[in-house]
Structures are given as C-alpha cells and as structure tokens.
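Here's the structure, in structure tokens; my notes come after.
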Amino acid sequence: MSSRTDILANIRRSLARKPRVTSQSPADRLAALRPGVQPSRGRLPADRRLALFMAEAVRADATAEAVASFADVPGRVAAYLARHNLGAALRVAPLTRRDNIPWSKQPLLTPDFGPPRPEDSVGVGAAFAGVAETGTLVIQSGPESPTRLNVLPPTHIVVLRASAIVGTYEDVWARLRTERASKDGPTMPRTVNWITGPSRTADIEQTLLLGAHGPQRLHILIVNDLKDTVADGGFERG
Amino acid sequence: MASPSETAKPSPHVALFVTCLVDLMRPSVGFAAIKLLEQAGCRVSVPEAQTCCGQPAYNSGAKADAQAIAKAVMKTFAGFDYIVAPSGSCAGMLRLHYPEMFAGDAAMEAEARAFAPRVYELTSFLVDVLGWKDVGTTHAGSATYHDSCSSLRELGVKAQPRRLLAEVAGLDLRESKEAETCCGFGGLFCVKYPEISERIVDKKVDDALATGAGTLLAGDLGCLLNIAGRLKRRGSPMKVRHVAEVLAGSEGAPIGEDSSVR
Amino acid sequence: MESTARSFKENAHHALGDARLTEALARLAHGFPARRRDAAARLPEFDQLRDAARDIKDHVLDNLDVYLDRFEKQVIASGGRVHWCRDAVEARDAILKICQAADARTVTKSKSMIGEEIAINDHLEAHAIVPVETDLGEYIIQLRHEPPSHLIAPAIHLSMDQVADAFRAHHTDLDPARPLVEPRALLDEARTRLRERFLKADVGLTGANMLIAETGSIVIVTNEGNADLTCSLPRVHIALASIEKIVPTLEDAATILRVLARSATGQEISVYTTFVTGPRRADDADGPEEFHVVLLDNGRSALLGSEFHEMLRCIRCGACLNHCPVYGAVGGHAYGWVYSGPMGAVLVPGLIGLPEAQHLPNASTLCGRCESVCPMRIPLPKMLRHWRERQHATHESPAIARAALKVWSFLARHPALYRAVFGLGVSFLASLGRRKGRFRWLPFAGGWTSVRDLPAPEARSFLLQWRQRNPGTRT
C-alpha cells in the first residue's frame with residue numbers, strides 16, 4: 001500500500017471513532033470562501049485607511065510618507081537616501097515602469113531594472129496592495145517583480161498607490177481573485193509576500209535588532225491618487 | 001449567576017463543603033466561613049458525611065475512584081439551596097469537573113449538571129449571589145492577595161475577594177505583579193516534583209515580598225500551605241492567612257506559626 | 001531526534017542549577033506575556049478570532065482526508081509535487097532523494113519543527129549534504145549541536161557570551177581581536193556568514209505554518225526574512241509540513257494569522273508572511289524550478305478521533321510555553337524531545353509513546369494558564385489529565401502511588417473510617433507541632449519537607465470540633 005493510501009485510510013478510520021463537531025461540507029466551504037471575523041479597525045473609508053495604514057506601518061518600524069504623484073517619487077527617494085547616507089544606485093522592479101516614475105528628474109540616481117544582485121544596497125519595488133489593519137504591504141511575484149528584491153538589499157523602498165490600500169486581509173484576497181480571474185491559471189502567483197516592517201530578530205538574549213536577513217530599513221512611499229478615485233471606491237467588499 | 005430575586009429569598013439554606021484540607025489542617029477557616037455565611041443571612045448546615053471532593057484521584061488519572069467519590073459527594077450534599085466551599089479548587093471540581101468526568105454516562109452527567117450550578121466558592125457566593133459586603137471587621141496592616149488558579153481561571157473569581165477585603169477597616173491591600181501566576185502547589189505535583197515546585201513557589205514568594213505587605217492572603221488552603229511552608233523555610237516573617245479568616249476577624253495564629261504565643 | 005524525556009527529573013534538576021538558563025527564562029517571562037496581553041487588548045475582536053480559528057481547525061480535522069486530497073491536487077496543478085510520508089524514515093528519505101536528484105551539496109533551511117522531529121540535518125550530513133540553519137537562533141543551536149528549547153525562540157536558553165563562543169569556535173577565520181560583546185555585532189557576523197550560504201545553496205528547505213487546500217499554497221511566517229531567501233534563491237524548494245497544518249481557504253489563513261503572532265510575540269503580525277504556490281512560473285523573474293511538499297503523518301492520524309484530537313488544532317505559537325510556570329522554571333530542553341511546555345507535554349506522548357514521555361503529563365500543576373492563552377482554545381490541562389488516566393489504566397503509574405490512592409479513595413467514601421484515621425493523625429500532628437506551628441521534617445513527607453516547612457494542623461479536625469459544638473445536629 002502506498003503511504004498516501006495508508007495515511008488517508010488511517011485518517012478515515014480514526015475519524016470514524018468520533019462524532020463530527022462541524023456540519024458544513026468541504027465543498028460548500030470552498031465554494032463560499034467565507035471571510036472570517038474582520039477587525040472593525042480596518043473597515044474605514046479610503047482616506048482614513050491611508051492614515052491607519054501609515055500609523056500601523058510605523059508601529060512596525062517601517063517609515064512611510066505620502067506623496068502627491070509619481071512625479072514626486074524620485075525626489076523623495078533621493079532625499080531618503082541622502083538622509084541615511086546611502087549610495088545612489090537603485091535596483092528597481094521593472095513593474096514600476098507602469099507608473100512612469102521620472103527617474104531622470106534626479107540625475108544623481110542610477111536606477112537599474114535588471115535582476116537583483118547580492119551586492120545591491122537599495123531595492124525599489126511596487127506593492128500590489130497595502131492592508132490598513134496592520135500596515136502590511138502585499139507584493140506579488142511575476143515577470144516584472146522579482147521576489148528576491150524584497151529581501152536581498154538592506155534597504156527596501158516600496159511604492160504604493162493610496163487607492164490600493166484596503167482595510168483587511170480578506171480585501172486583498174478578494175482583489176487578487178478578481179484581478180486574476182480573467183487570466184487562465186491558478187489563483188495565486190508563485191509568491192505573495194506580506195511584509196510588515198523591516199526584518200528583525202530577538203534571538204540573542206531577547207534583544208530586538210532590525211535587519212536580520214532581510215532589509216534593515218523599509219520605507220513606503222504612498223502616492224496619493226485618492227482624488228482620482230471615487231470617495232470610498234477602494235477594494236473593500238460588501 | 002443568581003437572579004436578583006434569589007437574593008431576596010429568606011435565609012437560603014447553605015451546606016458548607018469544608019474541604020479536606022480545611023477540615024484537617026485549618027479548622028478555623030471553616031468556622032470563619034460559617035460566621036460569614038451566617039452574617040450574610042444564610043442558614044448553614046455541615047453535612048457530616050463529607051470527606052473530600054476527589055481531586056487527588058481525578059488529577060492522578062484514577063477516574064473511576066474520582067467518580068465514586070463524586071457520587072458520594074452529590075448524595076451527601078443533595079437538598080440544599082447552595083453548596084459553598086472556602087476553596088476555588090474544590091468548588092471548581094464540583095462545579096466543572098463533576099459534569100465533565102461523567103461524560104458518556106447520560107444519567108450521571110445530568111445529575112452532575114443539575115448539581116453544579118448550586119456550588120460556589122465562598123467569596124464569589126457572598127458577592128455574586130448574596131450581594132453582601134457588610135464585612136465590618138478590622139485588620140490593621142498590609143496584605144497582598146494571591147489568586148488561586150482554580151478560583152481565577154475556572155470560576156472567574158478575581159474581583160470578589162478584593163471587593164470584600166476593601167471593606168475591612170485598616171487593611172492596606174497591595175497588588176503584586178504576578179498575582180495570577182501559579183504558586184507551584186498543584187496537588188501531588190508539589191511532592192512529585194519538589195525541585196520544580198520550589199522554583200515556582202520561590203518566584204511567588206519573591207513577588208509577594210516585593211509588595212512589602214505584611215500578610216499574604218488567598219482563598220485556597222493548598223496554595224496557602226505551600227506558600228507559608230516556603231516562607232517559613234526561608235525564614236520570612238510574612239504572615240499567611242486564608243481570606244475568610246481576615247473577613248471574619250479570626251484571631252488564631254497565622255498559618256505555619258506558633259499557636260501557643262498570642 | 002533522540003529522546004531524553006524519560007530522564008525529565010534529572011534534566012529538570014540540571015536545568016534548575018543552570019544560572020544562565022534561569023536568567024534567560026526570567027527575561028522570557030517578563031517579555032512575551034506582557035506583549036501578548038497588550039496585543040490582545042489592542043484588538044477588540046481577539047477572542048472572537050480565537051473562536052473562529054478554533055472552528056476552522058475543527059472543521060478541517062473533521063474532513064482532513066478531503067482537504068489533504070484537495071491540497072495535493074492544487075499543488076500538482078500549480079506545478080509542484082507532494083510526497084506522503086508515514087513516518088520520520090520516509091520523510092528523511094523523500095528529502096534526501098530530492099536533494100540527491102538535484103545534485104545538492106548545501107541545503108539552506110528555515111526553521112521547521114518537523115525538521116527537528118525527523119532529525120533531517122543528521123540524515124543529510126550522513127549523506128554528505130551540508131544543511132545550514134538560517135534562522136539566527138536555529139543557526140546558533142546548530143553550531144552548538146543542541147535542539148531548540150522553544151517553539152519560536154530556539155536559542156532562548158543562551159546568553160550572549162555563549163553565542164559569541166559558538167561563533168569563535170566555528171568561524172575559524174574570525175579575527176580574535178574583533179569584539180563580539182554586542183548583540184548587533186553577533187547578528188552582523190551571522191548575517192554575513194549566512195549570506196554566503198544562501199547564495200550558494202542548491203536546495204532550500206522550509207517548514208510551513210499552514211497549507212491552503214483551496215489554492216495548494218503553503219504559508220511561511222518569519223521575522224528575519226530567512227525563509228524568503230531560502231525559498232527564492234536555490235533551484236529547488238522543499239516545504240516540510242505535517243498533515244494537520246491544512247486550512248481550507250485564503251480567508252481562513254487570514255483568520256489564523258491574526259491570532260498567531262499576537263499570541264506568539266505580541267506583534268500584530270510577523271514581518272514576513274509568505275504564500276508560496278508551486279515553482280516559478282515560466283515567465284517569472286525568479287524563484288525555484290522545483291517545488292516539493294513533504295507531508296508527514298508520524299502518528300498524527302492516530303491522534304485524530306482520540307481524546308487528544310483537539311491537540312491537532314495547535315499552530316505552534318508558543319504562548320502556552322511563555323505562560324507555563326513549569327516551562328518557566330526548567331526551560332525547553334528538560335522535556336527531552338522536540339516539543340516542550342504544555343503543548344509538548346500533550347503532544348510528545350502521542351508521538352514517541354507514553355512510556356518514554358511518562359513524566360511530561362505529570363509535570364504540570366494544571367494551573368490552566370496555558371488554556372487561557374491558547375489562540376486555538378486547546379483544553380491542554382484536560383488532555384494532560386487524559387494521559388494520566390491512560391497511565392493509571394495501563395498501570396504505568398508507580399504501583400505504590402496507585403495503592404496509596406486506592407486506600408485513600410476507599411477512606412474518602414467511608415466517612416466514619418476516614419475521620420477515625422485522619423482525625424487521629426491530625427490530632428497527633430497538631431499536638432506535636434503546636435509549639436512551632438510547623439514541621440521541618442516528617443517521615444514519609446520528604447517530597448513536601450525537602451523544600452518547604454509543613455504547617456502543623458491547628459488542632460483537632462473541623463468536623464470533630466463541629467460535632468462537639470453542635471451535639472444535637474446530624475445532617
């Protein structure tokens with residue numbers, strides 16, 4: 001008997017010893033995709049979601065600033081790098097090209113759109129969404145979004161549209177499903193990264209240190225595009 | 001919880017479940033409990049056929065023995081309005097574990113479920129059921145209250161003893177940081193694993209001493225014997241008493257101390 | 001992993017004498033519980049989420065066969081493979097075969113308790129493959145050849161100088177003049193070393209906090225980001241998980257994630273929560289070419305439907321360890337196998353057998369704090385008692401203790417006899433102890449008096465006094 005058959009048979013035999021405690025069938029549950037208990041603090045109009053997202057991200061030791069448009073991004077990146085005495089070389093996710101960020105406005109910056117390398121010191125990525133309830137960034141892997149970029153460079157800068165800030169985790173899944181439903185393939189990309197603050201460890205005498213293996217700094221640039229969207233458009237369900 | 005109308009009933013008939021530790025080690029707690037219940041307007045009886053709630057057997061895995069004892073207890077304590085114990089651990093046993101241990105025996109489980117709601121820990125009975133707080137005793141000095149695990153986590157007893165102690169004239173009640181942490185008694189645990197128990201009770205004692213209080217109070221004699229025993233072994237002058245003693249104004253020697261002087 | 005659970009008492013004795021361990025455990029007791037309490041207080045829905053999380057796992061366990069089948073289908077559909085393993089031997093071999101097929105020389109690992117359970121590192125080493133733990137705590141204990149002492153803080157038992165010593169012993173080219181007296185310096189040293197390892201590894205082996213049946217995804221949670229490097233750099237990614245890690249949907253995973261970090265470290269959510277579905281897609285910028293899930297039973301299917309069924313809801317947050325007075329006194333190593341604290345005391349007898357783990361269910365005060373903080377509302381004290389019942393039923397508990405219990409329980413059901421025996425004893429002890437109020441030593445009471453005095457009984461028993469004061473009444 002194969003291990004698979006054996007394990008499944010053992011499970012069925014064991015389960016037969018005991019009455020079920022739940023009534024729903026797996027088929028029904030998978031079809032219903034029922035959201036669970038969603039924290040009320042995440043269920044806000046779009047403008048307040050932005051404020052909550054920033055507050056929570058900062059709580060998790062990220063830094064965040066809102067900018068008026070993508071045109072402001074290069075200037076803010078340059079200023080951030082200068083503040084932290086970091087070099088001007090950037091490893092940029094090709095995905096950000098959709099946003100037409102005018103990097104040439106900051107001639108000192110040297111953005112490179114090639115694959116991430118171990119020696120890169122600053123990575124710039126684009127978020128699929130932000131989640132207000134915990135200040136969490138959601139980044140998908142894809143042809144133009146290498147997942148290594150999230151963890152290799154010691155400084156991680158992420159560009160996020162304010163309109164992509166949702167209230168809760170469930171809102172992320174709803175949006176992901178909607179967007180990927182049109183494509184012929186699995187619901188999920190190879191990797192979905194939820195990132196909340198910079199990397200850390202407390203493994204040495206419970207001392208909290210940032211920058212364990214992933215970045216020591218996480219900076220979020222939120223492009224406030226809310227004026228272009230319906231007041232409470234967002235991606236919130238229900 | 002009792003409805004307000006119940007508290008208006010004339011003289012509820014209460015059976016005192018003395019508990020085996022109070023019966024054998026600290027009878028004054030039993031008399032203090034009776035005094036408090038009577039002050040609060042109850043008619044108190046002490047069924048003489050009582051011995052122990054069966055917890056040592058139950059927690060040692062001797063379920064059949066525990067069930068036999070539970071049956072005897074329920075028989076002995078049938079017919080009273082309430083059963084009150086000066087112990088969260090024993091009250092918790094009667095209230096929660098009796099119904100649980102008869103799972104699978106429908107008739108006995110039903111009996112235990114009918115029995116359970118009438119069982120109360122002393123301070124919670126006085127406060128929650130009787131709404132009584134006319135303590136009227138005096139105890140000059142400072143004290144800290146240790147929450148026994150069963151009182152706190154099985155019965156939700158936390159505010160009740162503190163509310164009553166607040167009525168004791170002259171008493172300065174000081175909260176310790178780890179009042180909700182186990183004292184390391186754990187029934188037979190403390191004799192099976194004495195070294196581990198010692199470490200746990202030492203932390204408890206350190207935490208109590210850090211309040212600077214002169215007396216440690218609790219509602220369970222198991223904890224009290226353990227804590228008092230460790231305090232005395234460490235040569236500490238901190239006094240240890242059951243909360244009922246202070247509420248009733250008992251004058252005996254503190255637990256583990258010389259009763260010939262005074 | 002070899003068990004030393006049988007010598008729990010000796011292990012505990014050793015642990016209690018270890019001053020550095022005592023200090024480390026004091027730090028833990030001051031940190032985690034307060035942070036958990038604050039995190040729970042910040043989220044009004046926390047207890048509701050605990051109920052929801054419990055219900056999810058109850059539903060999964062009721063239908064585990066169906067969900068495992070669905071999960072496998074989805075893994076295959078996204079280009080991955082599932083390897084079903086009945087026990088540690090099968091899991092070790094499955095992993096070795098994948099590594100050998102990939103011509104692997106080094107395997108980077110992110111923390112996996114199942115990896116400890118099957119002792120995968122030893123097996124890989126025996127076949128000339130170098131496993132490298134990448135979680136900082138795991139890396140430290142790998143250098144020291146120790147098992148983890150905590151579910152989420154594996155090196156919690158160590159002090160900074162012990163970590164520095166381990167680095168100096170193994171990083172042989174380390175400049176002896178370089179100071180390693182700050183946690184940051186130690187972290188930098190480890191980060192640099194491990195970066196090289198990450199970049200050269202052929203296979204990345206991770207655990208999985210959850211498996212999502214709906215999509216065939218695995219969920220990995222870390223704070224360091226080491227799992228992300230482990231599963232994105234090498235050509236092959238193997239995820240090692242036990243069968244009960246399944247949840248139905250992405251939404252269900254979200255519910256459980258909301259209680260996981262809050263219960264564990266008191267964070268709102270861990271820094272990195274990564275959902276991995278299959279290998280890299282044809283046009284992806286990066287990611288591994290192969291994705292394998294090694295699915296381990298190792299005794300869990302036998303716990304289903306038993307009185308320990310609910311233990312399979314556990315999500316390994318460590319809250320029960322952080323709040324346990326016994327764990328807080330002796331630490332994790334004393335328990336003698338992979339899992340420690342209350343969850344270990346319930347799970348380990350089920351996985352390695354009750355005779356080997358006989359002490360674990362008994363070394364508890366049943367104080368109930370574990371259950372009160374468990375995000376999955378697992379009735380841990382009740383299950384510890386169930387193991388004791390099994391020991392009693394199979395006569396695995398000491399004969400003398402059973403006999404004493406039998407006599408006592410007989411007396412407890414015969415009040416007159418009970419009173420004659422104990423009443424007499426108490427009166428005798430009371431008269432003996434009246435002068436000092438306590439005993440420093442008594443025959444047959446060594447367990448008690450070895451560490452504390454025994455307060456003397458006040459006088460004759462309550463019931464004897466009561467009868468004397470109320471001669472007429474007989475209730």
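Chain labels A, B, ... are given in the sequence in which chains occur in the structure tokens; within each chain residues are numbered consecutively from 1, and ligands are likewise numbered from 1 in the order shown.
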
What are the DSSP helix (DSSP H, G or I) residues of region 145-261 of chain B, as number ranges by chain? B: 149-155, 159-165, 189-192, 194-209, 221-233, 243-248

Near Thr168 (chain A), within 9 Å and counting only C-alpha atoms, which residues show up once chain neighbours fewer than 4 positions away are dropped, as a ChimeraX atom specification? /A:38-39,41-43,131-134,172,236

Could you dump the residues just selected with N, CA and C atoms as a compact mmCIF listing (two decimals), in the first residue's frame?
# COMPACT_ATOMS: atom_id res chain seq x y z
N GLN A 38 -13.49 40.06 10.69
CA GLN A 38 -12.58 41.11 10.22
C GLN A 38 -12.55 42.25 11.24
N PRO A 39 -11.36 42.63 11.67
CA PRO A 39 -11.28 43.67 12.70
C PRO A 39 -11.97 44.95 12.25
N ARG A 41 -11.37 47.83 13.07
CA ARG A 41 -10.49 48.98 12.85
C ARG A 41 -10.06 49.11 11.40
N GLY A 42 -10.15 48.01 10.63
CA GLY A 42 -9.77 48.08 9.22
C GLY A 42 -10.90 48.51 8.31
N ARG A 43 -12.11 48.54 8.83
CA ARG A 43 -13.25 48.83 7.97
C ARG A 43 -13.56 50.33 7.98
N VAL A 131 -2.39 46.85 3.44
CA VAL A 131 -3.51 46.49 4.30
C VAL A 131 -3.48 47.37 5.54
N ALA A 132 -4.56 48.15 5.70
CA ALA A 132 -4.58 49.14 6.77
C ALA A 132 -4.53 48.49 8.16
N GLU A 133 -5.19 47.35 8.34
CA GLU A 133 -5.35 46.82 9.70
C GLU A 133 -4.02 46.60 10.41
N THR A 134 -2.97 46.31 9.66
CA THR A 134 -1.67 46.10 10.31
C THR A 134 -0.53 46.82 9.60
N VAL A 172 -7.69 41.90 0.38
CA VAL A 172 -6.59 41.58 -0.54
C VAL A 172 -6.95 40.36 -1.37
N GLU A 236 -12.79 47.41 -1.00
CA GLU A 236 -13.44 46.73 0.12
C GLU A 236 -14.68 46.02 -0.37

Which distance in Å separates CA of Val205 (chain B) and CA of Leu321 (chain C), to one decimal?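 Those two atoms sit 21.6 Å apart.
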
Where does chain A meet chain C within 6 Å, residue by residue, with the nearest atom pair and distance in Å to one decimal for each, counting only C-alpha atoms, listed by chain and rising number, as CSV?
residue,atom,partner,partner_atom,distance
A:Ser3,CA,C:Trp84,CA,5.8
A:Arg4,CA,C:Trp84,CA,5.3
A:Leu8,CA,C:Asp65,CA,5.7
A:Asn10,CA,C:Ser301,CA,5.9
A:Ile11,CA,C:Ser301,CA,5.0
A:Ser14,CA,C:Gly305,CA,5.2
A:Leu15,CA,C:Gly305,CA,5.0
A:Arg17,CA,C:Gly305,CA,5.6
A:Lys18,CA,C:Gly305,CA,5.1
A:Arg20,CA,C:Asp62,CA,5.9
A:Thr22,CA,C:His59,CA,5.5
A:Pro35,CA,C:Glu251,CA,5.4
A:Gly142,CA,C:Asp284,CA,4.8
A:Pro143,CA,C:Asp284,CA,4.1
A:Pro146,CA,C:Ala285,CA,4.9
A:Glu170,CA,C:Glu251,CA,5.9
A:Arg190,CA,C:Thr277,CA,4.8
A:Thr191,CA,C:Val276,CA,4.7
A:Val192,CA,C:Phe275,CA,5.0
A:Asn193,CA,C:Thr274,CA,4.7
A:Trp194,CA,C:Thr273,CA,5.0
A:Ile195,CA,C:Tyr272,CA,5.0
A:Thr196,CA,C:Val271,CA,4.5
A:Gly197,CA,C:Val271,CA,5.8
A:Ser199,CA,C:Glu224,CA,4.8
A:Arg200,CA,C:Glu224,CA,5.0
A:Thr201,CA,C:Glu224,CA,5.8
A:Asp203,CA,C:Gly137,CA,5.2
A:Glu205,CA,C:Ser159,CA,5.9
A:Ala212,CA,C:Glu224,CA,5.1
A:His213,CA,C:Glu224,CA,5.4
A:Gly214,CA,C:Gly225,CA,4.9

In region 82-159 of chain B, what's strand (DSSP E) per DSSP? Answer as a PDB file with N, CA and C atoms, in the first residue's frame?
ATOM      1  N   TYR B  82     -27.706  25.833  48.285  1.00  0.00           N
ATOM      2  CA  TYR B  82     -26.362  26.079  47.761  1.00  0.00           C
ATOM      3  C   TYR B  82     -25.358  25.211  48.491  1.00  0.00           C
ATOM      4  N   ILE B  83     -24.246  24.945  47.799  1.00  0.00           N
ATOM      5  CA  ILE B  83     -23.107  24.285  48.426  1.00  0.00           C
ATOM      6  C   ILE B  83     -21.947  25.269  48.301  1.00  0.00           C
ATOM      7  N   VAL B  84     -21.373  25.648  49.425  1.00  0.00           N
ATOM      8  CA  VAL B  84     -20.322  26.667  49.402  1.00  0.00           C
ATOM      9  C   VAL B  84     -19.048  26.104  50.019  1.00  0.00           C
ATOM     10  N   ALA B  85     -17.926  26.354  49.351  1.00  0.00           N
ATOM     11  CA  ALA B  85     -16.632  25.855  49.820  1.00  0.00           C
ATOM     12  C   ALA B  85     -15.659  27.020  49.973  1.00  0.00           C
ATOM     13  N   VAL B 119     -23.120  25.134  43.297  1.00  0.00           N
ATOM     14  CA  VAL B 119     -21.844  25.127  44.014  1.00  0.00           C
ATOM     15  C   VAL B 119     -21.109  26.450  43.814  1.00  0.00           C
ATOM     16  N   TYR B 120     -20.628  27.014  44.917  1.00  0.00           N
ATOM     17  CA  TYR B 120     -19.907  28.292  44.832  1.00  0.00           C
ATOM     18  C   TYR B 120     -18.669  28.307  45.699  1.00  0.00           C
ATOM     19  N   GLU B 121     -17.700  29.069  45.260  1.00  0.00           N
ATOM     20  CA  GLU B 121     -16.554  29.425  46.099  1.00  0.00           C
ATOM     21  C   GLU B 121     -17.068  30.499  47.051  1.00  0.00           C
ATOM     22  N   THR B 138     -11.948  44.527  61.416  1.00  0.00           N
ATOM     23  CA  THR B 138     -10.760  45.375  61.336  1.00  0.00           C
ATOM     24  C   THR B 138      -9.539  44.488  61.230  1.00  0.00           C
ATOM     25  N   HIS B 139      -8.604  44.881  60.413  1.00  0.00           N
ATOM     26  CA  HIS B 139      -7.337  44.147  60.335  1.00  0.00           C
ATOM     27  C   HIS B 139      -6.259  45.173  60.042  1.00  0.00           C
ATOM     28  N   ALA B 140      -5.572  45.608  61.071  1.00  0.00           N
ATOM     29  CA  ALA B 140      -4.560  46.640  60.868  1.00  0.00           C
ATOM     30  C   ALA B 140      -3.360  46.020  60.171  1.00  0.00           C
ATOM     31  N   GLY B 141      -2.912  46.646  59.110  1.00  0.00           N
ATOM     32  CA  GLY B 141      -1.731  46.148  58.408  1.00  0.00           C
ATOM     33  C   GLY B 141      -1.951  46.033  56.923  1.00  0.00           C
ATOM     34  N   SER B 142      -0.923  45.564  56.232  1.00  0.00           N
ATOM     35  CA  SER B 142      -0.991  45.471  54.771  1.00  0.00           C
ATOM     36  C   SER B 142      -1.021  44.009  54.355  1.00  0.00           C
ATOM     37  N   ALA B 143      -1.668  43.761  53.228  1.00  0.00           N
ATOM     38  CA  ALA B 143      -1.774  42.381  52.738  1.00  0.00           C
ATOM     39  C   ALA B 143      -1.743  42.380  51.221  1.00  0.00           C
ATOM     40  N   THR B 144      -1.339  41.253  50.669  1.00  0.00           N
ATOM     41  CA  THR B 144      -1.420  41.062  49.214  1.00  0.00           C
ATOM     42  C   THR B 144      -2.218  39.799  48.977  1.00  0.00           C
ATOM     43  N   TYR B 145      -3.011  39.791  47.879  1.00  0.00           N
ATOM     44  CA  TYR B 145      -3.889  38.660  47.626  1.00  0.00           C
ATOM     45  C   TYR B 145      -3.370  37.832  46.463  1.00  0.00           C
ATOM     46  N   HIS B 146      -3.219  36.545  46.682  1.00  0.00           N
ATOM     47  CA  HIS B 146      -2.801  35.622  45.624  1.00  0.00           C
ATOM     48  C   HIS B 146      -4.034  34.949  45.030  1.00  0.00           C
TER      49      HIS B 146
END

Can you list, as a PyMOL selection string, every protein, DNA or RNA residue that comes within 12 Å of region 37-42 of chain B when you count only C-alpha atoms, leaving out same-chain residues fewer than 3 positions away? chain B and resi 7-16+30-34+45+80-86+121-127+129-137+244+247-248

Long-range neighbours of Val451 (chain C) as a short mmCIF file (atom, residue, chain, number, x, y, z; two decimals) with C-alpha atoms, in the first residue's frame, 8 Å cut-off, only C-alpha atoms, 6 positions minimum in chain:
data_model
loop_
_atom_site.label_atom_id
_atom_site.label_comp_id
_atom_site.auth_asym_id
_atom_site.auth_seq_id
_atom_site.Cartn_x
_atom_site.Cartn_y
_atom_site.Cartn_z
CA PRO B 194 9.60 19.20 44.64
CA GLU B 195 12.52 20.97 42.98
CA GLU B 198 10.36 25.05 44.87
CA ARG B 230 8.22 28.06 51.77
CA ARG B 233 11.63 27.68 55.35
#

Contacts of Pro111 (chain A) within 10 Å, only C-alpha atoms, excl. fewer than 4 positions in-chain, as a list in words: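 In the requested form, the answer reads Pro74, Ala88, Ala89, Leu90, Arg91, Val92, Ala93, Trp103, Ser104, Pro107, Val122, Gly123 and Val124 of chain A.
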
Of the candidates C:Thr172, C:Ala177, C:Ala166, C:Met1, which one gets nearest to Gly115 (chain C) if we count only C-alpha atoms?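 The answer is C:Met1, which sits nearest to Gly115 (chain C).
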
Can you measure CA of Lys97 (chain C) to CA of Asp202 (chain C) for me? One decimal in Å is fine.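 So the two atoms, CA of Lys97 (chain C) and CA of Asp202 (chain C), lie 13.5 Å apart.
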
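CA of Arg440 (chain C) is positioned 9.3 Å from CA of Lys232 (chain B).
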
Report as JSON lines the residues of chain C within 6 Å of chain B, each with its shortest atom pair and distance in Å (one decimal), using only C-alpha atoms, ordered by chain and increasing residue number.
{"residue": "C:Thr365", "atom": "CA", "partner": "B:Gly186", "partner_atom": "CA", "distance": 3.9}
{"residue": "C:Cys367", "atom": "CA", "partner": "B:Cys149", "partner_atom": "CA", "distance": 5.2}
{"residue": "C:Arg388", "atom": "CA", "partner": "B:Gly61", "partner_atom": "CA", "distance": 4.5}
{"residue": "C:Glu389", "atom": "CA", "partner": "B:Gly61", "partner_atom": "CA", "distance": 3.6}
{"residue": "C:His392", "atom": "CA", "partner": "B:Gly61", "partner_atom": "CA", "distance": 5.6}
{"residue": "C:Ala412", "atom": "CA", "partner": "B:Thr51", "partner_atom": "CA", "distance": 5.6}
{"residue": "C:Arg413", "atom": "CA", "partner": "B:Ile69", "partner_atom": "CA", "distance": 5.9}
{"residue": "C:Pro415", "atom": "CA", "partner": "B:Ala49", "partner_atom": "CA", "distance": 5.4}
{"residue": "C:Arg435", "atom": "CA", "partner": "B:Asp258", "partner_atom": "CA", "distance": 5.6}
{"residue": "C:Lys436", "atom": "CA", "partner": "B:Asp258", "partner_atom": "CA", "distance": 4.6}
{"residue": "C:Gly437", "atom": "CA", "partner": "B:Asp258", "partner_atom": "CA", "distance": 4.2}
{"residue": "C:Arg438", "atom": "CA", "partner": "B:Gly256", "partner_atom": "CA", "distance": 5.0}
{"residue": "C:Gly447", "atom": "CA", "partner": "B:Val191", "partner_atom": "CA", "distance": 4.0}
{"residue": "C:Trp448", "atom": "CA", "partner": "B:Val191", "partner_atom": "CA", "distance": 5.2}
{"residue": "C:Arg452", "atom": "CA", "partner": "B:Arg230", "partner_atom": "CA", "distance": 4.5}
{"residue": "C:Asp453", "atom": "CA", "partner": "B:Gly229", "partner_atom": "CA", "distance": 4.2}
{"residue": "C:Leu454", "atom": "CA", "partner": "B:Gly229", "partner_atom": "CA", "distance": 5.4}
{"residue": "C:Pro455", "atom": "CA", "partner": "B:Gly256", "partner_atom": "CA", "distance": 4.0}
{"residue": "C:Pro457", "atom": "CA", "partner": "B:Met25", "partner_atom": "CA", "distance": 4.1}
{"residue": "C:Glu458", "atom": "CA", "partner": "B:Arg26", "partner_atom": "CA", "distance": 5.6}
{"residue": "C:Ser461", "atom": "CA", "partner": "B:Leu24", "partner_atom": "CA", "distance": 4.7}
{"residue": "C:Phe462", "atom": "CA", "partner": "B:Pro27", "partner_atom": "CA", "distance": 4.4}
{"residue": "C:Thr475", "atom": "CA", "partner": "B:Pro47", "partner_atom": "CA", "distance": 4.8}

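Using only C-alpha atoms, the shortest contact distance between Leu176 (chain A) and any of A:Val138, A:Ile222, A:Val73, A:Ala32 is found at A:Val138.
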